[in-house]
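Enquirer: Structure file final-v3.cif (mmCIF, C-alpha atoms and all ligand atoms) is given on the next line.
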data_input
loop_
_atom_site.label_atom_id
_atom_site.label_comp_id
_atom_site.auth_asym_id
_atom_site.auth_seq_id
_atom_site.Cartn_x
_atom_site.Cartn_y
_atom_site.Cartn_z
CA MET A 10 -4.62 7.86 -30.14
CA GLU A 11 -5.98 5.36 -27.64
CA THR A 12 -9.10 3.55 -28.72
CA THR A 13 -12.05 2.50 -26.61
CA GLN A 14 -11.13 -1.13 -27.21
CA ALA A 15 -10.25 -3.00 -24.01
CA PRO A 16 -6.57 -3.36 -23.31
CA ARG A 17 -5.09 -6.77 -23.77
CA LEU A 18 -3.07 -8.64 -21.21
CA LEU A 19 0.04 -10.61 -21.82
CA GLY A 20 0.90 -13.95 -20.29
CA LEU A 21 4.18 -15.80 -20.44
CA ASP A 22 4.13 -19.06 -22.32
CA HIS A 23 7.08 -21.39 -22.27
CA GLY A 24 5.33 -23.63 -24.75
CA ARG A 25 5.24 -26.76 -22.66
CA ALA A 26 2.41 -28.80 -21.24
CA SER A 27 3.31 -27.74 -17.74
CA ASN A 28 3.05 -24.07 -18.55
CA VAL A 29 -0.44 -23.72 -17.11
CA LEU A 30 1.19 -24.29 -13.75
CA GLN A 31 3.72 -21.57 -14.14
CA LEU A 32 3.85 -18.57 -11.93
CA ALA A 33 3.84 -15.85 -14.57
CA LEU A 34 0.69 -17.20 -16.14
CA LYS A 35 -1.02 -17.56 -12.77
CA GLN A 36 -0.11 -13.98 -11.90
CA THR A 37 -1.41 -12.72 -15.22
CA HIS A 38 -4.71 -14.49 -14.54
CA ILE A 39 -4.94 -12.95 -11.06
CA VAL A 40 -4.65 -9.47 -12.56
CA ARG A 41 -6.93 -10.24 -15.49
CA ASP A 42 -9.63 -11.45 -13.10
CA ALA A 43 -9.28 -8.34 -10.96
CA LEU A 44 -9.54 -6.10 -14.02
CA GLN A 45 -12.52 -8.02 -15.29
CA LYS A 46 -14.23 -7.57 -11.93
CA ALA A 47 -13.48 -3.86 -11.80
CA HIS A 48 -14.62 -3.31 -15.39
CA PRO A 49 -17.26 -5.95 -16.19
CA HIS A 50 -18.27 -4.18 -19.40
CA LEU A 51 -14.80 -4.62 -20.95
CA LYS A 52 -13.09 -7.75 -22.15
CA PHE A 53 -9.47 -8.42 -21.24
CA GLU A 54 -7.61 -10.87 -23.38
CA ILE A 55 -4.44 -12.76 -22.50
CA ILE A 56 -1.84 -13.11 -25.21
CA THR A 57 0.99 -15.57 -24.76
CA MET A 58 4.43 -15.53 -26.24
CA LYS A 59 7.71 -17.35 -26.02
CA THR A 60 10.57 -15.67 -24.27
CA HIS A 61 14.27 -16.14 -23.96
CA GLY A 62 13.64 -16.76 -20.30
CA ASP A 63 13.47 -20.53 -20.49
CA LYS A 64 16.74 -20.67 -22.41
CA ILE A 65 18.62 -19.09 -19.56
CA LEU A 66 16.88 -20.81 -16.69
CA ASN A 67 19.89 -23.01 -16.17
CA VAL A 68 22.08 -20.05 -15.30
CA ALA A 69 21.92 -18.86 -11.72
CA LEU A 70 19.96 -15.67 -11.46
CA SER A 71 22.78 -13.77 -9.80
CA LYS A 72 25.00 -14.56 -12.74
CA ILE A 73 22.72 -13.39 -15.53
CA GLY A 74 23.77 -9.83 -14.94
CA SER A 75 20.77 -8.05 -16.34
CA LYS A 76 17.66 -8.22 -14.30
CA SER A 77 15.42 -7.19 -17.16
CA LEU A 78 16.44 -10.11 -19.37
CA PHE A 79 13.47 -12.24 -18.48
CA THR A 80 11.05 -9.57 -19.47
CA LYS A 81 12.70 -8.09 -22.53
CA GLU A 82 10.35 -9.53 -25.16
CA LEU A 83 7.37 -8.49 -23.09
CA GLU A 84 8.72 -4.96 -22.94
CA ILE A 85 9.05 -4.83 -26.72
CA ALA A 86 5.54 -6.17 -27.21
CA LEU A 87 4.31 -3.40 -24.93
CA GLU A 88 6.25 -0.72 -26.73
CA GLU A 89 5.02 -1.90 -30.14
CA LYS A 90 1.44 -2.06 -28.85
CA HIS A 91 0.96 -5.78 -29.42
CA VAL A 92 -0.18 -5.63 -25.82
CA ASP A 93 -1.15 -2.85 -23.42
CA ILE A 94 -0.50 -4.39 -20.03
CA VAL A 95 2.23 -6.65 -18.66
CA VAL A 96 2.09 -8.33 -15.25
CA HIS A 97 5.28 -8.82 -13.23
CA SER A 98 6.43 -9.87 -9.82
CA LEU A 99 7.43 -6.46 -8.58
CA LYS A 100 10.68 -7.78 -7.19
CA ASP A 101 11.80 -8.69 -10.70
CA LEU A 102 11.31 -5.15 -12.01
CA PRO A 103 14.30 -2.80 -11.99
CA THR A 104 13.88 0.40 -10.01
CA THR A 105 14.31 2.38 -13.22
CA LEU A 106 11.88 1.30 -15.90
CA PRO A 107 12.50 1.71 -19.62
CA GLU A 108 11.61 5.12 -21.02
CA GLY A 109 7.87 5.56 -21.50
CA ARG A 110 6.88 2.74 -19.17
CA VAL A 111 5.14 2.97 -15.78
CA ILE A 112 3.74 0.71 -13.10
CA GLY A 113 0.06 1.60 -13.31
CA ALA A 114 -0.88 -0.43 -10.24
CA VAL A 115 0.75 -2.35 -7.41
CA CYS A 116 -1.71 -4.97 -6.15
CA GLU A 117 -2.14 -5.96 -2.53
CA ARG A 118 0.91 -7.75 -1.24
CA GLU A 119 0.83 -11.44 -0.40
CA ASP A 120 2.84 -12.60 2.60
CA PRO A 121 6.27 -11.12 1.74
CA ARG A 122 8.31 -13.59 3.80
CA ASP A 123 10.65 -16.27 2.58
CA VAL A 124 9.81 -19.85 3.46
CA VAL A 125 11.54 -23.21 3.78
CA ILE A 126 10.36 -26.20 1.76
CA MET A 127 11.91 -29.33 3.25
CA HIS A 128 12.84 -32.52 1.45
CA PRO A 129 10.21 -35.17 2.24
CA LYS A 130 12.82 -37.00 4.35
CA HIS A 131 13.35 -34.01 6.63
CA LEU A 132 9.82 -32.82 7.22
CA GLU A 133 10.33 -32.79 10.96
CA ALA A 134 13.42 -30.57 10.76
CA SER A 135 13.90 -26.80 10.69
CA LEU A 136 16.92 -24.90 9.40
CA ALA A 137 18.25 -24.90 12.96
CA THR A 138 17.98 -28.67 13.40
CA LEU A 139 19.09 -29.93 9.97
CA PRO A 140 22.31 -31.96 10.18
CA LYS A 141 25.59 -30.13 9.70
CA GLY A 142 26.50 -29.86 6.01
CA SER A 143 22.89 -30.05 4.78
CA VAL A 144 22.50 -28.46 1.34
CA ILE A 145 20.04 -25.61 0.94
CA GLY A 146 18.97 -24.73 -2.61
CA THR A 147 18.75 -21.06 -3.47
CA SER A 148 20.16 -18.86 -6.22
CA SER A 149 19.51 -15.72 -4.22
CA VAL A 150 22.63 -14.07 -2.81
CA ARG A 151 20.34 -12.20 -0.44
CA ARG A 152 19.00 -15.41 1.08
CA ALA A 153 22.35 -17.18 1.10
CA ALA A 154 24.19 -14.30 2.79
CA GLN A 155 21.68 -13.89 5.60
CA LEU A 156 21.26 -17.61 6.21
CA LYS A 157 25.02 -18.33 6.13
CA ARG A 158 25.36 -15.81 8.90
CA LYS A 159 22.64 -17.42 10.96
CA PHE A 160 23.39 -21.08 10.12
CA PRO A 161 27.14 -21.35 9.40
CA ASP A 162 26.97 -25.17 9.29
CA LEU A 163 24.58 -25.30 6.33
CA VAL A 164 25.78 -25.31 2.72
CA PHE A 165 24.12 -23.12 0.11
CA GLU A 166 23.92 -24.16 -3.52
CA SER A 167 22.34 -22.61 -6.55
CA VAL A 168 19.16 -24.29 -7.78
CA ARG A 169 18.04 -23.67 -11.32
CA GLY A 170 14.77 -23.64 -13.18
CA ASN A 171 11.24 -22.44 -12.59
CA LEU A 172 9.34 -23.27 -9.43
CA ASN A 173 8.03 -26.60 -10.74
CA THR A 174 11.51 -27.71 -11.73
CA ARG A 175 12.98 -26.68 -8.39
CA LEU A 176 10.36 -28.54 -6.44
CA ARG A 177 10.96 -31.65 -8.55
CA LYS A 178 14.71 -31.38 -8.00
CA LEU A 179 14.12 -31.19 -4.27
CA GLU A 180 11.55 -33.94 -3.93
CA GLU A 181 12.83 -36.42 -6.49
CA GLY A 182 16.54 -35.96 -5.93
CA ASP A 183 19.04 -36.28 -3.14
CA THR A 184 20.96 -33.09 -3.79
CA TYR A 185 19.06 -30.65 -1.62
CA HIS A 186 17.78 -30.96 1.91
CA ALA A 187 15.59 -27.90 1.57
CA LEU A 188 14.74 -24.95 -0.69
CA ILE A 189 14.19 -21.34 0.25
CA LEU A 190 11.42 -19.67 -1.75
CA ALA A 191 9.14 -16.67 -1.49
CA ALA A 192 5.88 -17.50 0.29
CA ALA A 193 3.98 -15.51 -2.34
CA GLY A 194 5.08 -17.66 -5.26
CA VAL A 195 4.55 -20.86 -3.30
CA MET A 196 1.02 -19.80 -2.39
CA ARG A 197 0.13 -18.71 -5.91
CA MET A 198 1.24 -22.15 -7.09
CA GLY A 199 -1.10 -23.70 -4.51
CA TRP A 200 1.72 -25.34 -2.53
CA GLU A 201 1.00 -23.79 0.83
CA ASP A 202 0.92 -27.19 2.51
CA LYS A 203 4.55 -27.79 1.54
CA ILE A 204 5.78 -24.87 3.66
CA SER A 205 7.73 -26.08 6.71
CA GLN A 206 8.89 -22.78 8.12
CA TYR A 207 8.31 -19.05 7.66
CA LEU A 208 11.45 -16.94 8.06
CA GLU A 209 11.11 -13.88 10.25
CA GLU A 210 13.20 -10.75 9.88
CA ASP A 211 15.79 -11.74 12.47
CA THR A 212 16.61 -14.74 10.24
CA CYS A 213 16.02 -13.63 6.67
CA MET A 214 14.61 -10.31 5.56
CA TYR A 215 12.80 -10.32 2.20
CA ALA A 216 13.62 -8.79 -1.17
CA VAL A 217 12.50 -5.33 -2.20
CA GLY A 218 8.99 -5.63 -3.64
CA GLN A 219 8.66 -9.32 -2.76
CA GLY A 220 5.11 -10.63 -2.75
CA ALA A 221 3.57 -7.75 -4.70
CA LEU A 222 2.38 -7.86 -8.31
CA ALA A 223 3.16 -4.90 -10.53
CA VAL A 224 1.02 -4.05 -13.53
CA GLU A 225 2.98 -2.23 -16.18
CA CYS A 226 1.68 -0.13 -19.07
CA ARG A 227 2.76 2.67 -21.38
CA GLU A 228 3.09 6.01 -19.64
CA ASP A 229 1.17 7.88 -22.36
CA ASP A 230 -1.68 5.34 -22.41
CA SER A 231 -3.90 7.33 -20.08
CA SER A 232 -6.97 5.16 -20.64
CA THR A 233 -5.11 2.06 -19.42
CA VAL A 234 -3.56 3.98 -16.52
CA ALA A 235 -7.10 4.91 -15.48
CA LEU A 236 -8.39 1.32 -15.87
CA LEU A 237 -5.58 0.01 -13.66
CA SER A 238 -6.23 2.51 -10.91
CA PRO A 239 -8.76 0.43 -8.93
CA LEU A 240 -6.25 -2.43 -8.67
CA GLY A 241 -3.75 -0.35 -6.73
CA HIS A 242 -3.46 -1.07 -3.00
CA LEU A 243 -2.44 1.92 -0.91
CA ASN A 244 -0.52 0.27 1.94
CA THR A 245 1.34 -1.99 -0.45
CA THR A 246 2.12 0.92 -2.75
CA VAL A 247 3.69 3.11 -0.07
CA ALA A 248 5.65 0.16 1.31
CA VAL A 249 7.14 -0.82 -2.02
CA ILE A 250 7.89 2.77 -3.03
CA ALA A 251 9.98 3.14 0.14
CA GLU A 252 11.71 -0.20 -0.56
CA ARG A 253 12.41 0.65 -4.19
CA ALA A 254 13.69 4.11 -3.32
CA LEU A 255 16.08 2.44 -0.87
CA MET A 256 17.26 -0.04 -3.50
CA CYS A 257 17.61 2.64 -6.16
CA THR A 258 19.66 4.93 -3.90
CA LEU A 259 21.87 2.00 -2.86
CA GLU A 260 22.22 1.18 -6.56
CA GLY A 261 21.52 -2.45 -5.77
CA GLY A 262 20.12 -4.85 -8.36
CA CYS A 263 18.57 -8.29 -8.08
CA SER A 264 22.01 -9.76 -7.51
CA ALA A 265 22.76 -7.52 -4.53
CA PRO A 266 22.54 -8.83 -0.97
CA VAL A 267 20.00 -6.18 0.05
CA ALA A 268 16.83 -6.95 2.00
CA VAL A 269 14.00 -5.16 3.75
CA HIS A 270 11.25 -5.52 6.31
CA THR A 271 8.41 -3.01 6.08
CA LYS A 272 5.45 -2.26 8.28
CA VAL A 273 2.57 0.07 7.45
CA THR A 274 0.21 1.18 10.17
CA GLU A 275 -2.63 3.63 9.92
CA ASP A 276 -0.39 6.65 10.22
CA GLN A 277 3.16 5.41 9.99
CA LEU A 278 5.53 3.67 7.63
CA ASN A 279 8.39 1.71 9.14
CA LEU A 280 11.25 0.49 6.96
CA GLN A 281 14.11 -1.76 8.01
CA GLY A 282 16.88 -2.20 5.44
CA GLY A 283 19.90 -4.47 5.47
CA VAL A 284 23.04 -5.07 3.43
CA TRP A 285 25.30 -8.16 3.70
CA SER A 286 28.62 -9.35 2.37
CA LEU A 287 28.15 -12.45 0.18
CA ASP A 288 29.45 -14.78 2.87
CA GLY A 289 27.28 -13.14 5.51
CA SER A 290 30.26 -12.16 7.66
CA GLU A 291 29.32 -8.50 7.43
CA GLU A 292 25.88 -7.15 8.17
CA LEU A 293 24.52 -3.65 8.24
CA ARG A 294 20.92 -3.02 9.29
CA HIS A 295 18.99 0.06 10.18
CA THR A 296 15.35 1.03 10.70
CA MET A 297 13.67 4.36 10.03
CA SER A 298 10.07 5.48 9.98
CA THR A 299 7.98 8.34 8.71
CA PRO A 300 4.51 9.51 9.61
CA LEU A 301 2.02 9.01 6.81
CA ALA A 302 0.23 12.28 7.24
CA GLU A 303 -2.37 14.04 5.17
CA PRO A 304 -0.96 17.08 3.45
CA ASP A 305 -1.43 20.34 5.26
CA SER A 306 -4.32 21.86 3.29
CA SER A 307 -3.29 25.40 4.18
CA SER A 308 -0.13 24.89 2.19
CA ASP A 309 -2.00 24.09 -1.01
CA SER A 310 -0.92 26.68 -3.44
CA LEU A 311 -2.46 28.10 -6.53
CA GLU A 312 -0.03 26.01 -8.50
CA GLN A 313 -2.03 22.87 -7.93
CA PRO A 314 -4.44 23.05 -10.85
CA VAL A 315 -1.46 23.52 -13.14
CA LYS A 316 0.28 20.44 -11.74
CA MET A 317 -2.86 18.35 -12.06
CA ALA A 318 -3.29 19.27 -15.70
CA LYS A 319 -0.76 16.58 -16.57
CA VAL A 320 -2.92 13.68 -15.54
CA SER A 321 -0.87 11.07 -13.80
CA THR A 322 2.77 10.59 -13.47
CA THR A 323 5.88 11.79 -11.70
CA PRO A 324 6.48 8.10 -11.14
CA TYR A 325 8.13 7.05 -7.91
CA THR A 326 10.66 4.42 -8.99
CA GLY A 327 8.28 3.74 -11.85
CA VAL A 328 5.03 3.70 -9.86
CA VAL A 329 2.44 6.15 -11.17
CA SER A 330 1.35 8.67 -8.61
CA ARG A 331 -2.31 9.16 -7.96
CA GLN A 332 -4.05 12.38 -7.25
CA GLY A 333 -4.70 12.60 -3.56
CA LEU A 334 -2.07 9.98 -2.77
CA ASP A 335 0.91 11.84 -4.11
CA HIS A 336 1.75 13.14 -0.67
CA PHE A 337 1.98 9.65 0.88
CA MET A 338 4.01 8.40 -2.01
CA SER A 339 6.50 11.19 -1.68
CA GLN A 340 6.84 10.59 2.09
CA ALA A 341 7.48 6.91 1.41
CA HIS A 342 10.02 7.72 -1.28
CA ASN A 343 11.91 10.07 1.01
CA LEU A 344 12.01 7.43 3.73
CA GLY A 345 13.68 4.96 1.39
CA VAL A 346 16.20 7.53 0.17
CA ASN A 347 17.05 8.61 3.72
CA LEU A 348 17.51 5.08 4.96
CA ALA A 349 19.78 4.32 1.99
CA LYS A 350 21.85 7.42 2.72
CA HIS A 351 22.22 6.33 6.30
CA LEU A 352 23.34 2.83 5.28
CA LEU A 353 25.75 4.22 2.69
CA SER A 354 27.37 6.49 5.23
CA ALA A 355 27.72 3.49 7.55
CA GLY A 356 29.64 1.49 4.91
CA ALA A 357 27.00 -0.12 2.66
CA ASP A 358 28.77 1.16 -0.46
CA ARG A 359 31.93 -0.76 0.36
CA ILE A 360 30.02 -3.97 1.17
CA LEU A 361 27.93 -3.77 -2.00
CA GLN A 362 30.91 -2.95 -4.20
CA ALA A 363 32.80 -5.98 -2.88
CA ALA A 364 29.74 -8.19 -3.46
CA LYS A 365 29.40 -6.89 -7.02
CA GLU A 366 33.05 -7.62 -7.80
CA GLN A 367 32.77 -11.13 -6.39
CA ASN A 368 29.60 -11.75 -8.40
CA ASN A 369 31.20 -10.51 -11.60
CA ALA A 370 34.22 -12.71 -11.00
CA ASN A 371 31.85 -15.68 -10.93
CA LEU A 372 30.10 -14.62 -14.12
CA PRO A 373 30.48 -17.34 -16.74
CA SER A 374 32.00 -15.68 -19.81
CA ASN A 375 30.89 -16.83 -23.26
CA ASN A 376 28.11 -18.85 -21.75
CA PRO A 377 26.25 -20.41 -24.68
CA ASN A 378 23.00 -20.33 -22.75
CA LEU A 379 22.98 -16.57 -22.48
CA PRO A 380 21.21 -14.79 -25.31
CA PRO A 381 23.43 -12.34 -27.19
CA SER A 382 23.76 -8.67 -26.28
CA SER A 383 21.49 -8.83 -23.30
CA SER A 384 21.89 -5.23 -22.34
CA ASN A 385 21.36 -3.26 -25.52
CA GLY A 386 18.01 -1.91 -26.54
CA GLN A 387 17.70 -3.61 -29.95
CA LYS A 388 14.24 -4.80 -30.72
CA LYS A 389 14.60 -7.32 -33.50
CA GLU A 390 13.75 -11.02 -33.50
CA VAL A 391 10.58 -10.76 -31.49
CA GLU A 392 8.14 -13.54 -31.84
CA VAL A 393 4.69 -12.59 -30.67
CA ASN A 394 2.16 -15.32 -30.81
CA ASP A 395 -1.23 -13.72 -31.23
CA SER A 396 -3.30 -16.82 -30.74
C1 LIG B 1 14.60 -12.13 -7.61
C2 LIG B 1 15.20 -13.06 -6.74
C3 LIG B 1 14.55 -14.30 -6.94
C4 LIG B 1 13.56 -14.08 -7.94
C5 LIG B 1 16.34 -12.76 -5.81
C6 LIG B 1 15.93 -12.67 -4.34
C7 LIG B 1 14.86 -15.57 -6.23
C8 LIG B 1 15.87 -16.44 -6.94
C9 LIG B 1 16.09 -17.77 -6.27
C10 LIG B 1 14.92 -10.71 -7.78
N1 LIG B 1 13.63 -12.77 -8.35
O1 LIG B 1 14.78 -12.87 -3.95
O2 LIG B 1 16.82 -12.40 -3.53
O3 LIG B 1 15.39 -18.13 -5.32
O4 LIG B 1 16.96 -18.48 -6.72
C11 LIG B 1 11.12 -14.72 -8.13
C12 LIG B 1 10.22 -15.48 -7.35
C13 LIG B 1 9.03 -14.70 -7.26
C14 LIG B 1 9.25 -13.54 -8.01
C15 LIG B 1 10.45 -16.80 -6.74
C16 LIG B 1 11.04 -16.77 -5.33
C17 LIG B 1 7.72 -15.04 -6.58
C18 LIG B 1 7.41 -14.20 -5.37
C19 LIG B 1 6.97 -12.77 -5.57
C20 LIG B 1 12.56 -15.06 -8.51
N2 LIG B 1 10.51 -13.60 -8.55
O5 LIG B 1 11.64 -15.80 -4.89
O6 LIG B 1 10.90 -17.81 -4.64
O7 LIG B 1 6.00 -12.47 -6.30
O8 LIG B 1 7.59 -11.94 -4.93
#
What would you get if you wrote out this structure as structure tokens?

Expert:
Amino acid sequence: METTQAPRLLGLDHGRASNVLQLALKQTHIVRDALQKAHPHLKFEIITMKTHGDKILNVALSKIGSKSLFTKELEIALEEKHVDIVVHSLKDLPTTLPEGRVIGAVCEREDPRDVVIMHPKHLEASLATLPKGSVIGTSSVRRAAQLKRKFPDLVFESVRGNLNTRLRKLEEGDTYHALILAAAGVMRMGWEDKISQYLEEDTCMYAVGQGALAVECREDDSSTVALLSPLGHLNTTVAVIAERALMCTLEGGCSAPVAVHTKVTEDQLNLQGGVWSLDGSEELRHTMSTPLAEPDSSSDSLEQPVKMAKVSTTPYTGVVSRQGLDHFMSQAHNLGVNLAKHLLSAGADRILQAAKEQNNANLPSNNPNLPPSSSNGQKKEVEVNDS
């Protein structure tokens, strides 16, 4: 049974002095503050814990294999009710959540674009004017594939570590001429003034869900689902449902060169999707849109009260549906599925399969930095720090 006690939030703690600067903690605070504002009579507590995440930060993201690795301990803490809410960057959440878990709210999206952070020596340059052979740091196959296509004379190299580490490697070293990062993370870190260039969709489309925060909870925890409701942002929610439905139907993961560009107007949702070969030599893009129309009230059937008896879910790629908004969410979902089907019939399956095989071939076997059995559902060895 759920109690009337306020839910608790969970922050990520890597146990170092610099951790207050880290993105996950900042994002958790953003959501905690929003919850506190929406429910001033309740108290929301942040609980920190250590994760395996920092142990594998020196392995390129595309080579880790399982997208949910970073968040595994958090998931277990949620399941075992040490915490009730977990905050994520939506783009790091798989399109199929673990059983019993839902995204209770998707908060308003920050600028979803990717940006260029230049080395202090090249502040005057742009990607187009950097000298031939300049090294661009990114571990994202999505970014590398699109930018290789556009700038064949640049060299792309993996850059490891959290955002602080990456910035230090750029600014204090001579390895990289520039980094590509998500504007959202850069802004949440307070580094807006370091941005040299914003990448538009003709240069580099963004990742599914990029820039949006997802607030996860247990599906059967209806009191928390209700508390999260005011944090949900409608335009962001329909956009990311379409993007995630596209990704899910393409069966892409975080290591797939898949990208999107989404526009929501008052009555229309417009989704552009793209798929690239790892070297950028092949590109497949297509745009589709759907009207975001109110449901036709005359078609409301007597069934409705029965459907509404089960309070929330029918989650769309994990996102809880809301009464009254269900119609928009289903239109958005269909748009993503239809666009994916179009891309698949135009050859996306072959491009993605080849990319997957190439990625797997690069996977370091027996890497000592990878935690054991990353993909099974065992829930031992969890260390929750309740202080
Ligand atoms: C995922 C990717 C990256 C993150 C792959 C991609 C970037 C990895 C890299 C799925 N997660 O984007 O193609 O640059 O080497 C991540 C960041 C944020 C959430 C940092 C970033 C912050 C932005 C947000 C890492 N996850 O992309 O610069 O909230 O969307």

Enquirer: Skipping near chain neighbours, those fewer than 3 positions away, what residues fall within 10 Å of Gly261 of chain A using all atoms listed in the file, listed as a PyMOL selection string?

Expert: chain A and resi 103-104+253+255-258+264-267+284+358+361-362+365

Enquirer: Hey, which residues come within 8 Å of ligand LIG 1 (chain B) if we count all atoms listed in the file? Could you give them as a PyMOL selection string?

Expert: chain A and resi 32+69-71+76+97-102+119+121+123+146-152+167-169+172+189-195+215-216+218-222+262-268

Enquirer: Please produce an output containing C-alpha atoms for each residue in the selection, written as a PDB file, in the coordinates of the input.

Expert:
ATOM      1  CA  LEU A  32       3.850 -18.570 -11.930  1.00  0.00           C
ATOM      2  CA  ALA A  69      21.920 -18.860 -11.720  1.00  0.00           C
ATOM      3  CA  LEU A  70      19.960 -15.670 -11.460  1.00  0.00           C
ATOM      4  CA  SER A  71      22.780 -13.770  -9.800  1.00  0.00           C
ATOM      5  CA  LYS A  76      17.660  -8.220 -14.300  1.00  0.00           C
ATOM      6  CA  HIS A  97       5.280  -8.820 -13.230  1.00  0.00           C
ATOM      7  CA  SER A  98       6.430  -9.870  -9.820  1.00  0.00           C
ATOM      8  CA  LEU A  99       7.430  -6.460  -8.580  1.00  0.00           C
ATOM      9  CA  LYS A 100      10.680  -7.780  -7.190  1.00  0.00           C
ATOM     10  CA  ASP A 101      11.800  -8.690 -10.700  1.00  0.00           C
ATOM     11  CA  LEU A 102      11.310  -5.150 -12.010  1.00  0.00           C
ATOM     12  CA  GLU A 119       0.830 -11.440  -0.400  1.00  0.00           C
ATOM     13  CA  PRO A 121       6.270 -11.120   1.740  1.00  0.00           C
ATOM     14  CA  ASP A 123      10.650 -16.270   2.580  1.00  0.00           C
ATOM     15  CA  GLY A 146      18.970 -24.730  -2.610  1.00  0.00           C
ATOM     16  CA  THR A 147      18.750 -21.060  -3.470  1.00  0.00           C
ATOM     17  CA  SER A 148      20.160 -18.860  -6.220  1.00  0.00           C
ATOM     18  CA  SER A 149      19.510 -15.720  -4.220  1.00  0.00           C
ATOM     19  CA  VAL A 150      22.630 -14.070  -2.810  1.00  0.00           C
ATOM     20  CA  ARG A 151      20.340 -12.200  -0.440  1.00  0.00           C
ATOM     21  CA  ARG A 152      19.000 -15.410   1.080  1.00  0.00           C
ATOM     22  CA  SER A 167      22.340 -22.610  -6.550  1.00  0.00           C
ATOM     23  CA  VAL A 168      19.160 -24.290  -7.780  1.00  0.00           C
ATOM     24  CA  ARG A 169      18.040 -23.670 -11.320  1.00  0.00           C
ATOM     25  CA  LEU A 172       9.340 -23.270  -9.430  1.00  0.00           C
ATOM     26  CA  ILE A 189      14.190 -21.340   0.250  1.00  0.00           C
ATOM     27  CA  LEU A 190      11.420 -19.670  -1.750  1.00  0.00           C
ATOM     28  CA  ALA A 191       9.140 -16.670  -1.490  1.00  0.00           C
ATOM     29  CA  ALA A 192       5.880 -17.500   0.290  1.00  0.00           C
ATOM     30  CA  ALA A 193       3.980 -15.510  -2.340  1.00  0.00           C
ATOM     31  CA  GLY A 194       5.080 -17.660  -5.260  1.00  0.00           C
ATOM     32  CA  VAL A 195       4.550 -20.860  -3.300  1.00  0.00           C
ATOM     33  CA  TYR A 215      12.800 -10.320   2.200  1.00  0.00           C
ATOM     34  CA  ALA A 216      13.620  -8.790  -1.170  1.00  0.00           C
ATOM     35  CA  GLY A 218       8.990  -5.630  -3.640  1.00  0.00           C
ATOM     36  CA  GLN A 219       8.660  -9.320  -2.760  1.00  0.00           C
ATOM     37  CA  GLY A 220       5.110 -10.630  -2.750  1.00  0.00           C
ATOM     38  CA  ALA A 221       3.570  -7.750  -4.700  1.00  0.00           C
ATOM     39  CA  LEU A 222       2.380  -7.860  -8.310  1.00  0.00           C
ATOM     40  CA  GLY A 262      20.120  -4.850  -8.360  1.00  0.00           C
ATOM     41  CA  CYS A 263      18.570  -8.290  -8.080  1.00  0.00           C
ATOM     42  CA  SER A 264      22.010  -9.760  -7.510  1.00  0.00           C
ATOM     43  CA  ALA A 265      22.760  -7.520  -4.530  1.00  0.00           C
ATOM     44  CA  PRO A 266      22.540  -8.830  -0.970  1.00  0.00           C
ATOM     45  CA  VAL A 267      20.000  -6.180   0.050  1.00  0.00           C
ATOM     46  CA  ALA A 268      16.830  -6.950   2.000  1.00  0.00           C
TER      47      ALA A 268
END

Enquirer: A:Ser205, A:Ser231, A:Thr246, A:Ser135: which is nearest Asp335 of chain A, counting all atoms listed in the file?

Expert: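 Among A:Ser205, A:Ser231, A:Thr246, A:Ser135, it is A:Thr246 that comes nearest to Asp335 of chain A.
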
Enquirer: Quick one: residues within 10 Å of Leu348 of chain A, all atoms listed in the file, excluding same-chain residues fewer than 5 positions away - as a PyMOL selection string?

Expert: chain A and resi 251-252+254-256+258-259+280-283+294-298+343+353-354

Enquirer: In Å to one decimal, how far is atom CA of Lys90 of chain A from atom CA of Asp230 of chain A?

Expert: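 Taking atom CA of Asp230 of chain A and atom CA of Lys90 of chain A, their separation equals 10.3 Å.
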
Enquirer: Arg177 of chain A: which residues within 12 Å, counting only C-alpha atoms, same-chain residues fewer than 3 positions away excluded, as a PyMOL selection string?

Expert: chain A and resi 126+128-129+168-174+180-185+187-188

Enquirer: Please, could you write that set of residues out with C-alpha atoms as an mmCIF file, in the frame of the given file?

Expert:
data_model
loop_
_atom_site.group_PDB
_atom_site.id
_atom_site.type_symbol
_atom_site.label_atom_id
_atom_site.label_comp_id
_atom_site.auth_asym_id
_atom_site.auth_seq_id
_atom_site.Cartn_x
_atom_site.Cartn_y
_atom_site.Cartn_z
ATOM 1 C CA ILE A 126 10.360 -26.200 1.760
ATOM 2 C CA HIS A 128 12.840 -32.520 1.450
ATOM 3 C CA PRO A 129 10.210 -35.170 2.240
ATOM 4 C CA VAL A 168 19.160 -24.290 -7.780
ATOM 5 C CA ARG A 169 18.040 -23.670 -11.320
ATOM 6 C CA GLY A 170 14.770 -23.640 -13.180
ATOM 7 C CA ASN A 171 11.240 -22.440 -12.590
ATOM 8 C CA LEU A 172 9.340 -23.270 -9.430
ATOM 9 C CA ASN A 173 8.030 -26.600 -10.740
ATOM 10 C CA THR A 174 11.510 -27.710 -11.730
ATOM 11 C CA GLU A 180 11.550 -33.940 -3.930
ATOM 12 C CA GLU A 181 12.830 -36.420 -6.490
ATOM 13 C CA GLY A 182 16.540 -35.960 -5.930
ATOM 14 C CA ASP A 183 19.040 -36.280 -3.140
ATOM 15 C CA THR A 184 20.960 -33.090 -3.790
ATOM 16 C CA TYR A 185 19.060 -30.650 -1.620
ATOM 17 C CA ALA A 187 15.590 -27.900 1.570
ATOM 18 C CA LEU A 188 14.740 -24.950 -0.690
#

Enquirer: Calculated over all atoms listed in the file, which of the candidates A:Val40, A:Leu106, A:Ala223, A:Ile360 has the smallest distance to Trp285 of chain A?

Expert: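 Checking each of A:Val40, A:Leu106, A:Ala223, A:Ile360 against Trp285 of chain A, counting all atoms listed in the file, the winner is A:Ile360.
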